[in-house]
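Here is the file run-v2.txt (compact mmCIF, C-alpha atoms).
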# COMPACT_ATOMS: atom_id res chain seq x y z
CA MET T 1 -1.25 -15.28 19.08
CA PRO T 2 1.65 -13.68 17.19
CA HIS T 3 0.93 -12.24 13.77
CA ASN T 4 2.23 -9.48 11.54
CA GLY T 5 -0.74 -8.10 9.69
CA GLN T 6 -4.05 -6.64 10.87
CA LYS T 7 -7.58 -6.92 9.57
CA PRO T 8 -10.99 -5.96 10.93
CA ALA T 9 -13.01 -8.72 12.54
CA ASN T 10 -15.76 -8.45 9.91
CA ALA T 11 -13.74 -7.29 6.90
CA GLN T 12 -15.83 -7.56 3.76
CA LYS T 13 -14.93 -6.39 0.29
CA PRO T 14 -17.61 -4.16 -1.28
CA ALA T 15 -19.79 -5.75 -3.92
CA ASN T 16 -18.19 -3.75 -6.74
CA ALA T 17 -14.71 -4.90 -5.66
CA ARG T 18 -15.80 -8.53 -5.56
CA LYS T 19 -17.36 -8.10 -8.97
CA SER T 20 -14.22 -6.55 -10.43
CA ALA T 21 -12.10 -9.36 -9.06
CA ASN T 22 -14.35 -12.16 -10.34
CA ALA T 23 -16.08 -10.88 -13.47
CA GLN T 24 -13.27 -11.68 -15.92
CA LYS T 25 -14.31 -14.30 -18.50
CA SER T 26 -12.30 -15.90 -21.28
CA ALA T 27 -12.92 -14.70 -24.83
CA PRO T 28 -11.41 -15.49 -28.22
CA VAL T 29 -8.72 -13.12 -29.45
CA GLY T 30 -9.97 -11.32 -32.53
CA LYS T 31 -8.14 -9.46 -35.23
CA THR T 32 -9.85 -6.10 -34.85
CA ALA T 33 -8.47 -3.27 -32.71
CA HIS T 34 -11.48 -3.67 -30.42
CA ASP T 35 -10.79 -7.37 -29.95
CA ARG T 36 -7.09 -6.75 -29.30
CA ARG T 37 -7.96 -4.21 -26.60
CA LYS T 38 -10.49 -6.62 -25.11
CA SER T 39 -7.91 -9.42 -25.07
CA ARG T 40 -5.35 -7.16 -23.36
CA ASN T 41 -7.88 -6.14 -20.70
CA LEU T 42 -8.70 -9.79 -20.05
CA ALA T 43 -5.02 -10.59 -19.60
CA ILE T 44 -4.61 -7.77 -17.10
CA GLY T 45 -7.75 -8.89 -15.29
CA ALA T 46 -6.43 -12.44 -15.05
CA GLY T 47 -3.22 -11.16 -13.49
CA VAL T 48 -5.20 -9.17 -10.93
CA VAL T 49 -7.32 -12.22 -10.06
CA ILE T 50 -4.16 -14.29 -9.49
CA ALA T 51 -2.71 -11.52 -7.33
CA ALA T 52 -5.97 -11.30 -5.41
CA VAL T 53 -5.70 -14.99 -4.55
CA LEU T 54 -2.07 -14.49 -3.52
CA LEU T 55 -2.83 -11.43 -1.38
CA GLY T 56 -5.74 -13.27 0.20
CA LEU T 57 -3.41 -16.16 1.11
CA ALA T 58 -0.79 -13.71 2.35
CA SER T 59 -3.38 -11.91 4.47
CA TYR T 60 -4.35 -15.22 6.05
CA THR T 61 -0.72 -16.21 6.56
CA ALA T 62 0.09 -12.87 8.17
CA THR T 63 -2.48 -13.56 10.90
CA LYS T 64 -2.05 -17.31 11.48
CA PRO T 65 -0.12 -18.70 14.47
CA GLU T 66 3.62 -19.21 14.38
CA LYS T 67 5.01 -22.62 13.56
CA SER T 68 6.33 -24.67 16.43
CA GLY T 69 9.76 -23.32 17.23
CA GLY T 70 8.66 -19.71 16.73
CA THR T 71 9.40 -19.21 13.03
CA THR T 72 6.74 -17.13 11.30
CA VAL T 73 5.63 -18.40 7.91
CA THR T 74 7.12 -16.09 5.24
CA GLU T 75 7.57 -18.25 2.18
CA ALA T 76 7.57 -16.49 -1.20
CA ALA T 77 4.14 -17.80 -2.17
CA GLU T 78 2.76 -16.35 1.05
CA GLY T 79 4.08 -12.84 0.66
CA GLY T 80 7.51 -13.36 2.15
CA ALA T 81 11.06 -13.42 0.84
CA PRO T 82 11.58 -14.01 -2.87
CA SER T 83 12.90 -17.25 -4.27
CA ALA T 84 16.18 -17.58 -6.16
CA ASP T 85 14.29 -16.71 -9.34
CA PRO T 86 13.90 -12.89 -9.25
CA GLN T 87 10.71 -13.13 -11.32
CA ALA T 88 9.04 -15.81 -9.21
CA GLY T 89 5.82 -14.44 -7.75
CA VAL T 90 6.01 -11.26 -9.85
CA TYR T 91 2.93 -10.18 -11.80
CA PRO T 92 3.87 -7.67 -14.53
CA GLU T 93 0.28 -6.39 -14.65
CA LEU T 94 0.64 -5.20 -11.05
CA GLU T 95 3.64 -3.04 -11.93
CA LYS T 96 1.11 -0.71 -13.56
CA LEU T 97 -0.14 0.18 -10.06
CA ALA T 98 2.87 2.48 -9.67
CA ARG T 99 1.70 5.99 -10.58
CA ARG T 100 5.18 7.54 -10.75
CA ASP T 101 3.76 11.05 -10.48
CA ALA T 102 6.60 13.39 -9.48
CA ARG T 103 4.02 15.77 -7.95
CA ASP T 104 2.40 13.13 -5.73
CA PRO T 105 2.66 14.40 -2.12
CA LEU T 106 1.89 10.91 -0.80
CA ALA T 107 5.03 9.45 -2.36
CA ARG T 108 8.72 9.67 -1.54
CA GLY T 109 11.69 8.90 -3.77
CA ARG T 110 12.51 9.53 -7.40
CA ALA T 111 9.65 9.09 -9.85
CA ASP T 112 12.01 7.11 -12.10
CA ALA T 113 13.42 4.88 -9.33
CA PRO T 114 13.93 1.29 -10.53
CA VAL T 115 11.80 -0.10 -7.69
CA VAL T 116 8.39 1.15 -6.54
CA MET T 117 6.77 -0.11 -3.37
CA VAL T 118 3.04 0.62 -3.25
CA GLU T 119 1.85 0.51 0.37
CA TYR T 120 -1.81 0.08 1.37
CA ALA T 121 -2.22 1.01 5.03
CA ASP T 122 -4.53 2.31 7.77
CA PHE T 123 -3.57 4.76 10.51
CA LYS T 124 -5.55 2.71 13.06
CA CYS T 125 -3.57 -0.43 12.23
CA GLY T 126 -1.01 -1.39 14.88
CA PHE T 127 1.09 -3.38 12.44
CA CYS T 128 1.17 -0.49 9.97
CA GLY T 129 2.52 1.59 12.83
CA LYS T 130 5.12 -1.04 13.60
CA PHE T 131 6.25 -1.02 9.97
CA ALA T 132 6.30 2.80 9.91
CA ARG T 133 8.40 3.04 13.08
CA ASP T 134 10.64 -0.02 12.89
CA THR T 135 11.18 -0.86 9.22
CA GLU T 136 10.37 2.02 6.90
CA PRO T 137 12.98 4.52 8.17
CA ALA T 138 15.77 2.05 7.43
CA LEU T 139 14.37 1.37 3.96
CA VAL T 140 14.25 5.11 3.29
CA LYS T 141 17.88 5.55 4.34
CA LYS T 142 19.16 2.46 2.54
CA TYR T 143 17.14 2.59 -0.68
CA VAL T 144 15.02 5.74 -1.10
CA ASP T 145 17.80 8.21 -0.30
CA LYS T 146 20.11 6.41 -2.74
CA GLY T 147 17.58 6.53 -5.59
CA THR T 148 16.79 2.80 -5.71
CA LEU T 149 13.32 2.83 -4.16
CA ARG T 150 10.19 4.94 -4.40
CA ILE T 151 7.40 4.48 -1.84
CA GLU T 152 3.86 5.32 -2.91
CA TRP T 153 1.29 5.47 -0.14
CA ARG T 154 -2.33 4.41 -0.63
CA ASN T 155 -4.91 5.18 2.04
CA PHE T 156 -6.69 1.93 2.89
CA PRO T 157 -9.00 2.68 5.86
CA ILE T 158 -10.67 -0.52 7.05
CA PHE T 159 -11.40 0.18 10.73
CA GLY T 160 -14.36 2.52 10.46
CA GLU T 161 -14.94 6.25 10.78
CA ASP T 162 -11.77 6.98 12.76
CA SER T 163 -9.72 5.38 10.00
CA GLU T 164 -11.57 7.36 7.35
CA ARG T 165 -10.98 10.65 9.18
CA ALA T 166 -7.28 9.92 9.60
CA ALA T 167 -6.95 9.03 5.91
CA ARG T 168 -8.61 12.26 4.83
CA GLY T 169 -6.46 14.19 7.30
CA ALA T 170 -3.31 12.64 5.87
CA TRP T 171 -4.42 13.58 2.36
CA ALA T 172 -5.14 17.14 3.53
CA ALA T 173 -1.69 17.41 5.11
CA GLY T 174 -0.28 16.33 1.76
CA GLU T 175 -2.02 19.25 0.10
CA GLN T 176 0.34 21.47 2.09
CA GLY T 177 3.37 19.29 1.53
CA ARG T 178 3.35 17.73 5.00
CA PHE T 179 2.01 14.22 4.40
CA TRP T 180 5.08 12.33 5.58
CA GLN T 181 5.35 14.50 8.69
CA PHE T 182 1.67 13.79 9.45
CA HIS T 183 2.35 10.10 8.76
CA GLU T 184 5.15 10.11 11.34
CA ALA T 185 3.03 11.90 13.95
CA ALA T 186 0.00 9.64 13.41
CA TYR T 187 2.13 6.50 13.67
CA ALA T 188 4.11 7.60 16.73
CA ASP T 189 4.06 5.04 19.52
CA GLY T 190 0.73 5.36 21.34
CA ALA T 191 -0.76 7.83 18.85
CA LYS T 192 -3.57 5.65 17.54
CA GLU T 193 -4.89 5.03 21.05
CA LYS T 194 -5.80 8.73 21.24
CA GLY T 195 -8.11 8.35 18.24
CA PHE T 196 -8.56 10.60 15.24
CA GLY T 197 -11.37 12.96 16.17
CA ALA T 198 -11.51 16.51 14.80
CA ASP T 199 -9.43 18.10 17.57
CA ARG T 200 -6.90 15.29 17.49
CA LEU T 201 -6.44 15.69 13.73
CA LYS T 202 -5.75 19.40 14.18
CA GLU T 203 -3.20 18.56 16.87
CA LEU T 204 -1.47 16.11 14.51
CA ALA T 205 -1.51 18.70 11.73
CA ARG T 206 0.27 21.17 14.01
CA GLN T 207 2.80 18.51 15.01
CA ALA T 208 3.39 17.85 11.32
CA GLY T 209 4.10 21.53 10.66
CA VAL T 210 0.99 22.20 8.58
CA LYS T 211 0.98 25.98 8.25
CA ASP T 212 -2.70 26.67 7.58
CA VAL T 213 -4.70 24.46 9.96
CA GLY T 214 -7.97 26.11 8.93
CA ARG T 215 -7.38 25.11 5.33
CA PHE T 216 -6.34 21.64 6.54
CA VAL T 217 -9.72 21.20 8.24
CA GLU T 218 -11.57 22.30 5.10
CA ASP T 219 -9.47 20.08 2.84
CA ALA T 220 -9.93 17.05 5.08
CA ASP T 221 -13.71 17.37 4.83
CA SER T 222 -13.75 18.11 1.10
CA ALA T 223 -15.21 16.03 -1.71
CA ALA T 224 -11.70 15.82 -3.19
CA ALA T 225 -10.34 14.18 -0.03
CA LYS T 226 -13.19 11.68 0.09
CA ALA T 227 -12.73 10.83 -3.60
CA ALA T 228 -8.96 10.37 -3.26
CA VAL T 229 -9.34 8.05 -0.26
CA LYS T 230 -12.10 6.07 -1.98
CA LYS T 231 -9.94 5.63 -5.10
CA ASP T 232 -7.08 4.14 -3.07
CA GLN T 233 -9.43 2.00 -1.01
CA GLU T 234 -11.17 0.52 -4.06
CA GLU T 235 -7.81 -0.18 -5.68
CA ALA T 236 -6.77 -2.23 -2.64
CA TYR T 237 -10.06 -4.12 -2.43
CA GLY T 238 -9.86 -4.81 -6.15
CA LEU T 239 -6.52 -6.53 -5.56
CA GLY T 240 -8.00 -8.77 -2.90
CA ALA T 241 -6.27 -7.08 0.03
CA THR T 242 -8.19 -7.73 3.26
CA SER T 243 -5.60 -6.76 5.87
CA THR T 244 -3.12 -3.99 6.49
CA PRO T 245 -0.39 -3.33 5.70
CA SER T 246 -0.31 -4.81 2.19
CA PHE T 247 2.38 -4.02 -0.39
CA VAL T 248 3.15 -4.48 -4.05
CA ILE T 249 6.86 -4.17 -4.89
CA ASN T 250 7.49 -4.06 -8.64
CA GLY T 251 4.61 -6.45 -9.21
CA ARG T 252 5.29 -8.73 -6.22
CA PRO T 253 2.56 -8.80 -3.52
CA VAL T 254 3.79 -8.82 0.08
CA SER T 255 1.39 -8.79 3.02
CA GLY T 256 1.95 -7.84 6.63
CA ALA T 257 4.68 -6.13 8.62
CA GLN T 258 7.23 -8.72 7.59
CA PRO T 259 10.78 -8.81 9.00
CA ASP T 260 13.19 -6.21 7.62
CA GLN T 261 15.09 -8.78 5.58
CA VAL T 262 11.96 -9.75 3.63
CA PHE T 263 11.61 -6.19 2.34
CA GLU T 264 15.34 -5.84 1.73
CA GLN T 265 15.56 -9.09 -0.23
CA THR T 266 12.45 -8.24 -2.26
CA ILE T 267 13.67 -4.71 -3.06
CA GLU T 268 17.14 -5.92 -4.03
CA ALA T 269 15.73 -8.70 -6.23
CA ALA T 270 13.46 -6.14 -7.93
CA ALA T 271 16.39 -3.77 -8.42
CA ARG T 272 18.48 -6.49 -10.05
CA SER T 273 15.60 -7.39 -12.33
CA ALA T 274 15.08 -3.76 -13.31
CA LYS T 275 18.82 -3.35 -14.01
CA SER T 276 18.95 -6.47 -16.19
CA ALA T 277 15.88 -5.22 -18.07
CA GLY T 278 17.64 -1.90 -18.55
CA GLY T 279 15.47 0.39 -16.63
CA GLY T 280 13.76 2.35 -13.95
CA ALA T 281 10.43 3.85 -14.94
CA LYS T 282 8.48 1.91 -17.52

Rendering of file as structure tokens:
Amino acid sequence: MPHNGQKPANAQKPANARKSANAQKSAPVGKTAHDRRKSRNLAIGAGVVIAAVLLGLASYTATKPEKSGGTTVTEAAEGGAPSADPQAGVYPELEKLARRDARDPLARGRADAPVVMVEYADFKCGFCGKFARDTEPALVKKYVDKGTLRIEWRNFPIFGEDSERAARGAWAAGEQGRFWQFHEAAYADGAKEKGFGADRLKELARQAGVKDVGRFVEDADSAAAKAAVKKDQEEAYGLGATSTPSFVINGRPVSGAQPDQVFEQTIEAAARSAKSAGGGAK
């Protein structure tokens, strides 16, 4: 059955993620500073809840059968191409997910690029690999290299211990400035079938050009690596993502390894919006 996103058979959001996505309650807006902050937090929470519903629908759509005639469902409301309105399906609260840290080794592109694509992915996910091999290189050449797009990676391991080890290994490679090289090696055709055991991770680190493999091994097993992966994972679950890959492009959720034109249209619409608003980084 054709599909373009991947999720574990028994994917369940952790209790704290479900709580964060559903615990928002309405409250009167007060006049005190405390009340104004509370009102703002509620507004952000409402936006995240809406996005969670949208990402949940997109995750389902990404794994449902094709329509008769072979056209995959990719309407805007389901995480596909944007409508004529560049702001349709955009949630300003989600734009705050972009970290725009110039020192982030798990990001590529200018920190002040007008468009930021946050990618939640798993190294055991076949469709993440398809996106990494077939779509992402063209996006880098067409948009990242020209300063339009920034890609920020988030580790979202959902397929068990192998996924967790690969995520920590990727983070450790980033500590030596070789994340994207590790990313390429781990997503090479047939790479995931070899698994991500300790020896395999060291092999990937060498392929990625990591200079100090001993330090890589220590970093991958460190509390810092585990905390960084957990932070990204909880962020994804909090948004309602249940399959990989999932994306947020300037506040617009997109789920699955969609066709190239879906990403191109979404990025270009976001770039036009950013230009009309007069900016890059916010």

Review point. From the set T:Lys194, T:Arg100, T:Lys275, T:Lys7, which residue has the shortest atom-to-atom contact distance to Asp162 (chain T), counting only C-alpha atoms?
Key: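 Of the candidates, the smallest distance to Asp162 (chain T) is held by T:Lys194.
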
Point to revise | region 164-171 of chain T environment, 6 Å, only C-alpha atoms, sequence neighbours closer than 4 positions dropped, as a ChimeraX atom specification | key: /T:155,157,179,196,220,225

Review point. Looking at all atoms listed in the file, which of T:Asp145, T:Glu218, T:Asp112, T:Asp199 is the one that sits closest to Arg99 (chain T)?
Key: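 Nearest to Arg99 (chain T): T:Asp112.
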
Practice item. Might you pull out every residue within 12 Å of Pro105 (chain T), with only C-alpha atoms counted and same-chain residues fewer than 4 positions away left off, and present them as an MDAnalysis selection string? Key: chainID T and resid 99:101 109 111 151:154 170:183

How would the residues just chosen look if you wrote them out with C-alpha atoms as an mmCIF file, keeping the file's coordinate frame?
data_model
loop_
_atom_site.group_PDB
_atom_site.id
_atom_site.type_symbol
_atom_site.label_atom_id
_atom_site.label_comp_id
_atom_site.auth_asym_id
_atom_site.auth_seq_id
_atom_site.Cartn_x
_atom_site.Cartn_y
_atom_site.Cartn_z
ATOM 1 C CA ARG T 99 1.700 5.990 -10.580
ATOM 2 C CA ARG T 100 5.180 7.540 -10.750
ATOM 3 C CA ASP T 101 3.760 11.050 -10.480
ATOM 4 C CA GLY T 109 11.690 8.900 -3.770
ATOM 5 C CA ALA T 111 9.650 9.090 -9.850
ATOM 6 C CA ILE T 151 7.400 4.480 -1.840
ATOM 7 C CA GLU T 152 3.860 5.320 -2.910
ATOM 8 C CA TRP T 153 1.290 5.470 -0.140
ATOM 9 C CA ARG T 154 -2.330 4.410 -0.630
ATOM 10 C CA ALA T 170 -3.310 12.640 5.870
ATOM 11 C CA TRP T 171 -4.420 13.580 2.360
ATOM 12 C CA ALA T 172 -5.140 17.140 3.530
ATOM 13 C CA ALA T 173 -1.690 17.410 5.110
ATOM 14 C CA GLY T 174 -0.280 16.330 1.760
ATOM 15 C CA GLU T 175 -2.020 19.250 0.100
ATOM 16 C CA GLN T 176 0.340 21.470 2.090
ATOM 17 C CA GLY T 177 3.370 19.290 1.530
ATOM 18 C CA ARG T 178 3.350 17.730 5.000
ATOM 19 C CA PHE T 179 2.010 14.220 4.400
ATOM 20 C CA TRP T 180 5.080 12.330 5.580
ATOM 21 C CA GLN T 181 5.350 14.500 8.690
ATOM 22 C CA PHE T 182 1.670 13.790 9.450
ATOM 23 C CA HIS T 183 2.350 10.100 8.760
#

Exercise for review: Pick out the residues sitting within 12 Å of Phe131 (chain T), and hand them over as a VMD selection string; count all atoms listed in the file, and ignore anything fewer than 4 positions along from it in its own chain.
Suggested key: chain T and resid 4 to 6 119 to 123 125 to 127 135 to 139 183 to 184 187 to 189 244 to 247 255 to 260 263

Please write the residues from the selection above to a file, keeping C-alpha atoms, as an mmCIF file, keeping the file's coordinate frame.
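In the end it all went to part10.cif:
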data_model
loop_
_atom_site.group_PDB
_atom_site.id
_atom_site.type_symbol
_atom_site.label_atom_id
_atom_site.label_comp_id
_atom_site.auth_asym_id
_atom_site.auth_seq_id
_atom_site.Cartn_x
_atom_site.Cartn_y
_atom_site.Cartn_z
ATOM 1 C CA ASN T 4 2.230 -9.480 11.540
ATOM 2 C CA GLY T 5 -0.740 -8.100 9.690
ATOM 3 C CA GLN T 6 -4.050 -6.640 10.870
ATOM 4 C CA GLU T 119 1.850 0.510 0.370
ATOM 5 C CA TYR T 120 -1.810 0.080 1.370
ATOM 6 C CA ALA T 121 -2.220 1.010 5.030
ATOM 7 C CA ASP T 122 -4.530 2.310 7.770
ATOM 8 C CA PHE T 123 -3.570 4.760 10.510
ATOM 9 C CA CYS T 125 -3.570 -0.430 12.230
ATOM 10 C CA GLY T 126 -1.010 -1.390 14.880
ATOM 11 C CA PHE T 127 1.090 -3.380 12.440
ATOM 12 C CA THR T 135 11.180 -0.860 9.220
ATOM 13 C CA GLU T 136 10.370 2.020 6.900
ATOM 14 C CA PRO T 137 12.980 4.520 8.170
ATOM 15 C CA ALA T 138 15.770 2.050 7.430
ATOM 16 C CA LEU T 139 14.370 1.370 3.960
ATOM 17 C CA HIS T 183 2.350 10.100 8.760
ATOM 18 C CA GLU T 184 5.150 10.110 11.340
ATOM 19 C CA TYR T 187 2.130 6.500 13.670
ATOM 20 C CA ALA T 188 4.110 7.600 16.730
ATOM 21 C CA ASP T 189 4.060 5.040 19.520
ATOM 22 C CA THR T 244 -3.120 -3.990 6.490
ATOM 23 C CA PRO T 245 -0.390 -3.330 5.700
ATOM 24 C CA SER T 246 -0.310 -4.810 2.190
ATOM 25 C CA PHE T 247 2.380 -4.020 -0.390
ATOM 26 C CA SER T 255 1.390 -8.790 3.020
ATOM 27 C CA GLY T 256 1.950 -7.840 6.630
ATOM 28 C CA ALA T 257 4.680 -6.130 8.620
ATOM 29 C CA GLN T 258 7.230 -8.720 7.590
ATOM 30 C CA PRO T 259 10.780 -8.810 9.000
ATOM 31 C CA ASP T 260 13.190 -6.210 7.620
ATOM 32 C CA PHE T 263 11.610 -6.190 2.340
#

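Checking T:Ala191, T:Ala185, T:Ala269, T:Val229 one by one against Gly209 (chain T), counting all atoms listed in the file, you find the shortest gap at T:Ala185.
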
Check your understanding: CA of Arg252 (chain T) and CA of Glu235 (chain T) are how many Å apart?
Key ->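 Atom-to-atom, CA of Arg252 (chain T) and CA of Glu235 (chain T) are spaced 15.7 Å apart.
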